[in-house]
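Data block for data-v2.tsv (TSV, C-alpha atoms):
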chain	number	residue	atom	x	y	z
G	1	MET	CA	18.93	-11.26	-2.08
G	2	PRO	CA	15.40	-10.96	-3.53
G	3	VAL	CA	13.28	-8.13	-2.14
G	4	ASN	CA	10.28	-10.50	-1.99
G	5	GLY	CA	10.30	-14.06	-0.65
G	6	PRO	CA	11.53	-15.85	2.48
G	7	ILE	CA	14.88	-15.22	4.10
G	8	GLU	CA	16.79	-18.21	5.43
G	9	ARG	CA	17.49	-17.79	9.14
G	10	ALA	CA	19.33	-19.76	11.79
G	11	PRO	CA	17.22	-21.91	14.13
G	12	GLY	CA	15.89	-19.79	16.98
G	13	GLU	CA	16.69	-16.51	15.23
G	14	ARG	CA	14.00	-13.88	15.71
G	15	VAL	CA	11.83	-13.43	12.64
G	16	PRO	CA	11.30	-9.71	12.01
G	17	GLY	CA	8.10	-8.13	10.80
G	18	GLU	CA	7.60	-7.14	7.17
G	19	HIS	CA	8.79	-3.60	7.85
G	20	GLU	CA	12.15	-4.71	9.25
G	21	GLU	CA	12.60	-7.51	6.75
G	22	LEU	CA	12.07	-5.26	3.74
G	23	ARG	CA	14.65	-2.81	5.04
G	24	GLU	CA	17.05	-5.71	5.60
G	25	ARG	CA	16.65	-6.84	2.01
G	26	LEU	CA	17.06	-3.33	0.65
G	27	ALA	CA	20.20	-2.81	2.71
G	28	ALA	CA	21.65	-6.02	1.23
G	29	LEU	CA	20.98	-4.72	-2.29
G	30	ALA	CA	22.50	-1.36	-1.42
G	31	ALA	CA	25.65	-3.09	-0.15
G	32	ARG	CA	26.44	-4.76	-3.47
G	33	PRO	CA	29.96	-3.80	-4.64
G	34	THR	CA	30.43	-1.09	-7.26
G	35	ASP	CA	33.41	0.07	-9.30
G	36	PRO	CA	35.83	1.83	-6.88
G	37	ALA	CA	36.67	4.29	-9.65
G	38	ASP	CA	33.01	5.32	-10.07
G	39	ASP	CA	32.80	8.52	-8.04
G	40	ALA	CA	29.12	9.02	-8.85
G	41	ALA	CA	28.28	5.57	-7.50
G	42	ALA	CA	30.26	6.31	-4.33
G	43	ARG	CA	28.39	9.58	-3.78
G	44	SER	CA	25.09	7.89	-4.51
G	45	ARG	CA	25.82	5.10	-2.02
G	46	ALA	CA	26.72	7.67	0.63
G	47	ALA	CA	23.41	9.43	0.01
G	48	LEU	CA	21.59	6.11	0.08
G	49	ALA	CA	22.66	5.59	3.71
G	50	ASP	CA	19.88	8.02	4.69
G	51	ALA	CA	17.30	5.58	3.34
G	52	PHE	CA	17.88	3.31	6.33
G	53	VAL	CA	17.65	6.03	8.98
G	54	PRO	CA	14.07	6.30	10.29
G	55	GLY	CA	12.33	9.29	8.76
G	56	ARG	CA	15.15	10.04	6.33
G	57	ALA	CA	14.18	8.00	3.25
G	58	ALA	CA	12.68	11.04	1.48
G	59	THR	CA	16.00	12.85	1.91
G	60	ALA	CA	17.83	9.87	0.41
G	61	VAL	CA	15.46	9.87	-2.55
G	62	GLU	CA	16.14	13.53	-3.31
G	63	ARG	CA	19.91	13.20	-2.91
G	64	VAL	CA	20.18	10.14	-5.16
G	65	ARG	CA	17.77	11.71	-7.66
G	66	ARG	CA	20.02	14.81	-7.89
G	67	GLU	CA	23.06	12.62	-8.47
G	68	LEU	CA	21.25	10.70	-11.20
G	69	ARG	CA	20.21	13.94	-12.94
G	70	HIS	CA	23.76	15.28	-12.72
G	71	THR	CA	25.59	12.12	-13.82
G	72	GLY	CA	23.04	10.34	-15.98
G	73	PRO	CA	20.93	7.20	-15.46
G	74	THR	CA	23.65	4.59	-15.05
G	75	PRO	CA	22.48	1.11	-13.92
G	76	VAL	CA	24.02	1.61	-10.48
G	77	LEU	CA	22.35	4.98	-9.91
G	78	ARG	CA	19.01	3.66	-11.17
G	79	ASP	CA	19.25	0.81	-8.66
G	80	HIS	CA	20.22	3.18	-5.86
G	81	LEU	CA	17.26	5.43	-6.56
G	82	ALA	CA	14.94	2.41	-6.74
G	83	ILE	CA	16.22	1.24	-3.34
G	84	ALA	CA	15.62	4.68	-1.83
G	85	LEU	CA	12.10	4.78	-3.30
G	86	ALA	CA	11.33	1.32	-1.92
G	87	ALA	CA	12.59	2.39	1.50
G	88	ARG	CA	10.39	5.47	1.27
G	89	SER	CA	7.38	3.21	0.70
G	90	THR	CA	7.90	1.77	4.18
G	91	GLU	CA	7.73	5.26	5.69
G	92	VAL	CA	4.50	6.36	4.00
G	93	ARG	CA	2.68	3.23	5.21
G	94	ASP	CA	1.67	2.37	8.76
G	95	VAL	CA	3.18	-0.53	10.65
G	96	ALA	CA	0.76	-2.94	12.33
G	97	GLU	CA	1.47	-4.53	15.71
G	98	ASP	CA	2.79	-7.66	13.97
G	99	GLY	CA	5.21	-5.58	11.87
G	100	ALA	CA	3.19	-5.77	8.66
G	101	LEU	CA	3.08	-2.72	6.40
G	102	VAL	CA	-0.50	-1.55	5.91
G	103	ILE	CA	-2.37	1.16	4.01
G	104	THR	CA	-4.79	3.11	6.18
G	105	ASP	CA	-5.69	6.17	4.12
G	106	ARG	CA	-6.01	7.40	0.55
G	107	GLY	CA	-2.88	9.53	0.77
G	108	GLN	CA	-0.74	6.50	1.63
G	109	LEU	CA	-2.21	4.52	-1.25
G	110	ASP	CA	-1.56	7.29	-3.78
G	111	ALA	CA	1.98	7.85	-2.49
G	112	CYS	CA	2.85	4.15	-2.68
G	113	ARG	CA	1.44	3.90	-6.20
G	114	ALA	CA	3.60	6.84	-7.35
G	115	LEU	CA	6.70	5.33	-5.72
G	116	ALA	CA	6.12	1.89	-7.26
G	117	ARG	CA	5.58	3.34	-10.72
G	118	GLU	CA	8.74	5.42	-10.47
G	119	VAL	CA	10.71	2.31	-9.52
G	120	LEU	CA	9.39	0.45	-12.57
G	121	ASP	CA	10.15	3.44	-14.83
G	122	LEU	CA	13.80	3.22	-13.74
G	123	ARG	CA	14.11	-0.35	-15.13
G	124	PRO	CA	16.20	-1.37	-12.11
G	125	HIS	CA	17.55	-4.72	-10.89
G	126	PRO	CA	14.91	-7.47	-11.39
G	127	ASP	CA	14.45	-7.88	-7.62
G	128	LEU	CA	13.54	-4.20	-7.29
G	129	ALA	CA	11.21	-4.35	-10.29
G	130	ALA	CA	9.52	-7.39	-8.73
G	131	PHE	CA	9.08	-5.47	-5.47
G	132	ALA	CA	7.38	-2.59	-7.29
G	133	ALA	CA	5.10	-4.91	-9.27
G	134	ASP	CA	4.12	-6.73	-6.06
G	135	LEU	CA	3.39	-3.41	-4.33
G	136	LEU	CA	1.12	-2.34	-7.20
G	137	ASP	CA	-0.73	-5.66	-6.93
G	138	ARG	CA	-1.23	-5.08	-3.21
G	139	LEU	CA	-2.52	-1.58	-3.84
G	140	GLU	CA	-4.99	-2.88	-6.40
G	141	HIS	CA	-6.24	-5.39	-3.83
G	142	ALA	CA	-6.52	-2.63	-1.23
G	143	GLU	CA	-8.73	-0.63	-3.63
G	144	ARG	CA	-11.36	-3.37	-3.91
G	145	TRP	CA	-14.69	-2.98	-2.16
G	146	ARG	CA	-15.33	-4.92	1.02
G	147	TRP	CA	-18.50	-5.42	3.03
G	148	VAL	CA	-18.33	-4.05	6.57
G	149	ALA	CA	-20.69	-5.66	9.07
G	150	PRO	CA	-23.17	-3.17	10.57
G	151	ASP	CA	-22.54	-2.04	14.12
G	152	SER	CA	-26.15	-2.72	15.07
G	153	VAL	CA	-28.55	-5.52	14.19
G	154	LEU	CA	-31.43	-3.14	14.89
G	155	GLY	CA	-30.67	-0.98	11.84
G	156	ALA	CA	-30.63	-4.02	9.55
G	157	ALA	CA	-33.91	-5.21	11.03
G	158	VAL	CA	-35.57	-1.84	10.42
G	159	VAL	CA	-34.49	-1.81	6.77
G	160	ALA	CA	-35.63	-5.39	6.23
G	161	LEU	CA	-39.00	-4.67	7.87
G	162	ALA	CA	-39.53	-1.56	5.77
G	163	VAL	CA	-38.72	-3.41	2.55
G	164	LEU	CA	-41.23	-6.14	3.42
G	165	VAL	CA	-44.02	-3.98	4.84
G	166	LEU	CA	-44.17	-0.89	2.61
G	167	PRO	CA	-45.39	-2.66	-0.57
G	168	PHE	CA	-48.12	-4.44	1.42
G	169	VAL	CA	-49.36	-1.13	2.80
G	170	GLY	CA	-50.13	0.00	-0.72
G	171	ALA	CA	-51.81	-3.28	-1.52
G	172	ALA	CA	-53.91	-3.07	1.64
G	173	VAL	CA	-55.29	0.36	0.77
G	174	GLY	CA	-55.82	-0.70	-2.83
G	175	ASP	CA	-53.81	2.16	-4.30
G	176	PRO	CA	-51.27	1.18	-7.04
G	177	ALA	CA	-49.42	4.49	-6.59
G	178	VAL	CA	-48.88	3.79	-2.90
G	179	THR	CA	-47.73	0.26	-3.72
G	180	ALA	CA	-45.26	1.53	-6.33
G	181	GLY	CA	-44.07	4.18	-3.90
G	182	GLY	CA	-43.52	1.55	-1.20
G	183	VAL	CA	-41.47	-0.58	-3.58
G	184	GLY	CA	-39.43	2.47	-4.57
G	185	VAL	CA	-38.78	3.50	-0.98
G	186	GLY	CA	-37.78	-0.05	-0.09
G	187	ALA	CA	-35.33	-0.22	-3.00
G	188	ALA	CA	-33.83	3.13	-1.98
G	189	LEU	CA	-33.40	1.92	1.60
G	190	VAL	CA	-31.58	-1.22	0.44
G	191	PHE	CA	-29.36	0.77	-1.92
G	192	GLY	CA	-28.49	3.25	0.81
G	193	TRP	CA	-27.80	0.44	3.27
G	194	VAL	CA	-25.35	-1.22	0.89
G	195	LEU	CA	-23.54	2.05	0.21
G	196	ALA	CA	-23.30	2.79	3.92
G	197	HIS	CA	-21.72	-0.58	4.68
G	198	ARG	CA	-19.12	-1.04	2.00
G	199	ARG	CA	-15.57	0.23	2.25
G	200	ARG	CA	-12.40	0.05	0.26
G	201	ARG	CA	-10.28	-2.69	1.80
G	202	TRP	CA	-7.73	-0.18	3.08
G	203	ALA	CA	-10.49	1.82	4.75
G	204	ALA	CA	-11.99	-1.29	6.33
G	205	ASP	CA	-8.58	-2.28	7.69
G	206	ALA	CA	-8.07	1.23	9.08
G	207	ARG	CA	-11.36	0.93	10.98
G	208	ARG	CA	-10.50	-2.48	12.42
G	209	PRO	CA	-9.54	-2.26	16.11
G	210	ALA	CA	-6.03	-3.30	17.04
G	211	PRO	CA	-5.82	-6.77	18.70
Output the file's structure as structure tokens, nothing else.
Amino acid sequence: MPVNGPIERAPGERVPGEHEELRERLAALAARPTDPADDAAARSRAALADAFVPGRAATAVERVRRELRHTGPTPVLRDHLAIALAARSTEVRDVAEDGALVITDRGQLDACRALAREVLDLRPHPDLAAFAADLLDRLEHAERWRWVAPDSVLGAAVVALAVLVLPFVGAAVGDPAVTAGGVGVGAALVFGWVLAHRRRRWAADARRPAP
């Protein structure tokens, strides 16, 4: 079952949010059969069970990571660690009311980036690699700047008025220095206004009130 993409469901079956659906996909990957004689894989799978217990994914990551260091990076253990890391990514993000996984602070973004890169470094199953690549794309999108509408029209009006009026004050008094100063102050006001009302996309989403 791919980690990304739609899941076929029976008519009338409840459609889970992204958080639940990702865990469902990861659980399906974790349940794939392994060699019964592979004791390391059996121990790793037992450790991986923690990844699907709320708040325990970090423990699963450490347990599978220890097994991988002890046994060596077999394909099965690399996949198990990638699954645990992907499950951990759901815990470091917030869950919106509709079940979507969202980034709401810099720490979450940095943690998810580190997890996704570690998954890719493992060279795991293609579905897990695709999940990590998609997560990195989403993080890049979350880093882009976004305009945030001002809370008050009055502030925008004051800036606009200052930009228009200040240069004319200098012209009215016939002093080039005052005119140049007015233009400079107006430019500084516009620059400051833009800086004050742009946010990284994740920061803008964090400020958005819940519906």
- Task: One decimal, Å: what's the distance from atom CA of G:Arg63 over to atom CA of G:Arg45, could you say?
- Result: 10.1 Å
- For atom CA of G:Val76 and atom CA of G:Gly17, quote the distance in Å rounded to one decimal.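 We find that atom CA of G:Val76 and atom CA of G:Gly17 lie 28.3 Å from each other.
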- Which of G:Leu77, G:Gly72, G:Glu24, G:Gly55 sits closest to G:Ala41 [using all atoms listed in the file]: G:Leu77
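Take the candidates G:Cys112, G:Leu48, G:Val53, G:Ala96 and check each one against G:Leu81 using all atoms listed in the file; the shortest distance goes to G:Leu48.
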- Query: Can you list, as a list of chain:residue names, every protein, DNA or RNA residue that comes within 8 Å of G:Val119 when you count all atoms listed in the file, leaving out same-chain residues fewer than 2 positions away?
  - Reply: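 After dropping sequence-adjacent residues, the list is G:Leu81, G:Ala82, G:Leu85, G:Ala86, G:Leu115, G:Ala116, G:Arg117, G:Asp121, G:Leu122, G:Arg123, G:Pro124, G:Leu128, G:Ala129, G:Ala132.
The space between atom CA of G:Ala114 and atom CA of G:Asp134 spans 13.6 Å.
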List as a PDB file with C-alpha atoms, in the frame of the given file the protein and nucleic acid residues near G:Thr90, meaning an atom at most 12 Å away when only C-alpha atoms are counted, but skip any in the same chain fewer than 3 places from it.
ATOM      1  CA  GLY G  17       8.100  -8.130  10.800  1.00  0.00           C
ATOM      2  CA  GLU G  18       7.600  -7.140   7.170  1.00  0.00           C
ATOM      3  CA  HIS G  19       8.790  -3.600   7.850  1.00  0.00           C
ATOM      4  CA  GLU G  20      12.150  -4.710   9.250  1.00  0.00           C
ATOM      5  CA  GLU G  21      12.600  -7.510   6.750  1.00  0.00           C
ATOM      6  CA  LEU G  22      12.070  -5.260   3.740  1.00  0.00           C
ATOM      7  CA  ARG G  23      14.650  -2.810   5.040  1.00  0.00           C
ATOM      8  CA  GLU G  24      17.050  -5.710   5.600  1.00  0.00           C
ATOM      9  CA  LEU G  26      17.060  -3.330   0.650  1.00  0.00           C
ATOM     10  CA  ALA G  51      17.300   5.580   3.340  1.00  0.00           C
ATOM     11  CA  PHE G  52      17.880   3.310   6.330  1.00  0.00           C
ATOM     12  CA  VAL G  53      17.650   6.030   8.980  1.00  0.00           C
ATOM     13  CA  PRO G  54      14.070   6.300  10.290  1.00  0.00           C
ATOM     14  CA  GLY G  55      12.330   9.290   8.760  1.00  0.00           C
ATOM     15  CA  ARG G  56      15.150  10.040   6.330  1.00  0.00           C
ATOM     16  CA  ALA G  57      14.180   8.000   3.250  1.00  0.00           C
ATOM     17  CA  ALA G  58      12.680  11.040   1.480  1.00  0.00           C
ATOM     18  CA  ILE G  83      16.220   1.240  -3.340  1.00  0.00           C
ATOM     19  CA  ALA G  84      15.620   4.680  -1.830  1.00  0.00           C
ATOM     20  CA  LEU G  85      12.100   4.780  -3.300  1.00  0.00           C
ATOM     21  CA  ALA G  86      11.330   1.320  -1.920  1.00  0.00           C
ATOM     22  CA  ALA G  87      12.590   2.390   1.500  1.00  0.00           C
ATOM     23  CA  ARG G  93       2.680   3.230   5.210  1.00  0.00           C
ATOM     24  CA  ASP G  94       1.670   2.370   8.760  1.00  0.00           C
ATOM     25  CA  VAL G  95       3.180  -0.530  10.650  1.00  0.00           C
ATOM     26  CA  ALA G  96       0.760  -2.940  12.330  1.00  0.00           C
ATOM     27  CA  GLY G  99       5.210  -5.580  11.870  1.00  0.00           C
ATOM     28  CA  ALA G 100       3.190  -5.770   8.660  1.00  0.00           C
ATOM     29  CA  LEU G 101       3.080  -2.720   6.400  1.00  0.00           C
ATOM     30  CA  VAL G 102      -0.500  -1.550   5.910  1.00  0.00           C
ATOM     31  CA  ILE G 103      -2.370   1.160   4.010  1.00  0.00           C
ATOM     32  CA  GLN G 108      -0.740   6.500   1.630  1.00  0.00           C
ATOM     33  CA  LEU G 109      -2.210   4.520  -1.250  1.00  0.00           C
ATOM     34  CA  ALA G 111       1.980   7.850  -2.490  1.00  0.00           C
ATOM     35  CA  CYS G 112       2.850   4.150  -2.680  1.00  0.00           C
ATOM     36  CA  LEU G 115       6.700   5.330  -5.720  1.00  0.00           C
ATOM     37  CA  ALA G 116       6.120   1.890  -7.260  1.00  0.00           C
ATOM     38  CA  LEU G 135       3.390  -3.410  -4.330  1.00  0.00           C
TER      39      LEU G 135
END
- May I have the residues within 8 Å of G:Glu67 as number ranges by chain, using only C-alpha atoms and disregarding those fewer than 2 positions away in the same chain? G: 40, 43-44, 63-65, 69-72, 77
